[in-house]
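Asker: I have a structure here, written as structure tokens, and I will follow up with some questions on it.
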Amino acid sequence: MFESAAPLRAEFQELEAALGDPAVHADLARARKVGRRYAELIPIVKALDEYDRLTDDLAAAKELAAEDDSLAAEAVELEAQLGP
């Protein structure tokens, strides 16, 4: 569903790597720019990761719901968390 988010995830990983690069920190303006953008992307990437986790859990719960009633209830709960 969030295929268009792939470039954001890639950018986030690049920024994370850049933050670990001493050369970036040698340039204060660049370090600030990288740090700001990284901070902007943190909540987005966390939300995407949470969505992925919930959809994976939902798929597993639905698959096993026939065998375990508690998983059927969990599937309903996960669907509610994912929203309409």
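Every chain in the structure tokens takes a letter, A first, then B, and so on in the order presented; its residues are numbered from 1, and the ligands are numbered from 1 following the presented order.
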What's the 12 Å shell around Leu41 in chain A, counting only C-alpha atoms, without same-chain residues fewer than 5 positions away, as a ChimeraX atom specification?

Answerer: /A:5,7-16,34-36,46-48

Asker: Store the residues picked out above, limited to C-alpha atoms, as a compact mmCIF listing (two decimals), in the first residue's frame.

Answerer:
# COMPACT_ATOMS: atom_id res chain seq x y z
CA ALA A 5 7.17 5.51 0.86
CA PRO A 7 12.14 6.58 -1.28
CA LEU A 8 11.51 8.04 2.19
CA ARG A 9 12.79 4.89 3.83
CA ALA A 10 15.86 4.94 1.59
CA GLU A 11 16.49 8.60 2.39
CA PHE A 12 16.12 7.85 6.09
CA GLN A 13 18.75 5.11 5.87
CA GLU A 14 21.09 7.40 3.95
CA LEU A 15 20.66 10.14 6.53
CA GLU A 16 21.25 7.67 9.34
CA VAL A 34 21.08 16.22 7.81
CA GLY A 35 19.99 16.21 11.45
CA ARG A 36 16.87 18.26 10.76
CA LYS A 46 8.16 4.80 12.75
CA ALA A 47 4.53 5.02 11.59
CA LEU A 48 5.33 3.06 8.43

Asker: For CA of Leu54 in chain A and CA of Leu78 in chain A, quote the distance in Å rounded to one decimal.

Answerer: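 Spanning CA of Leu54 in chain A to CA of Leu78 in chain A is a straight-line distance of 6.6 Å.
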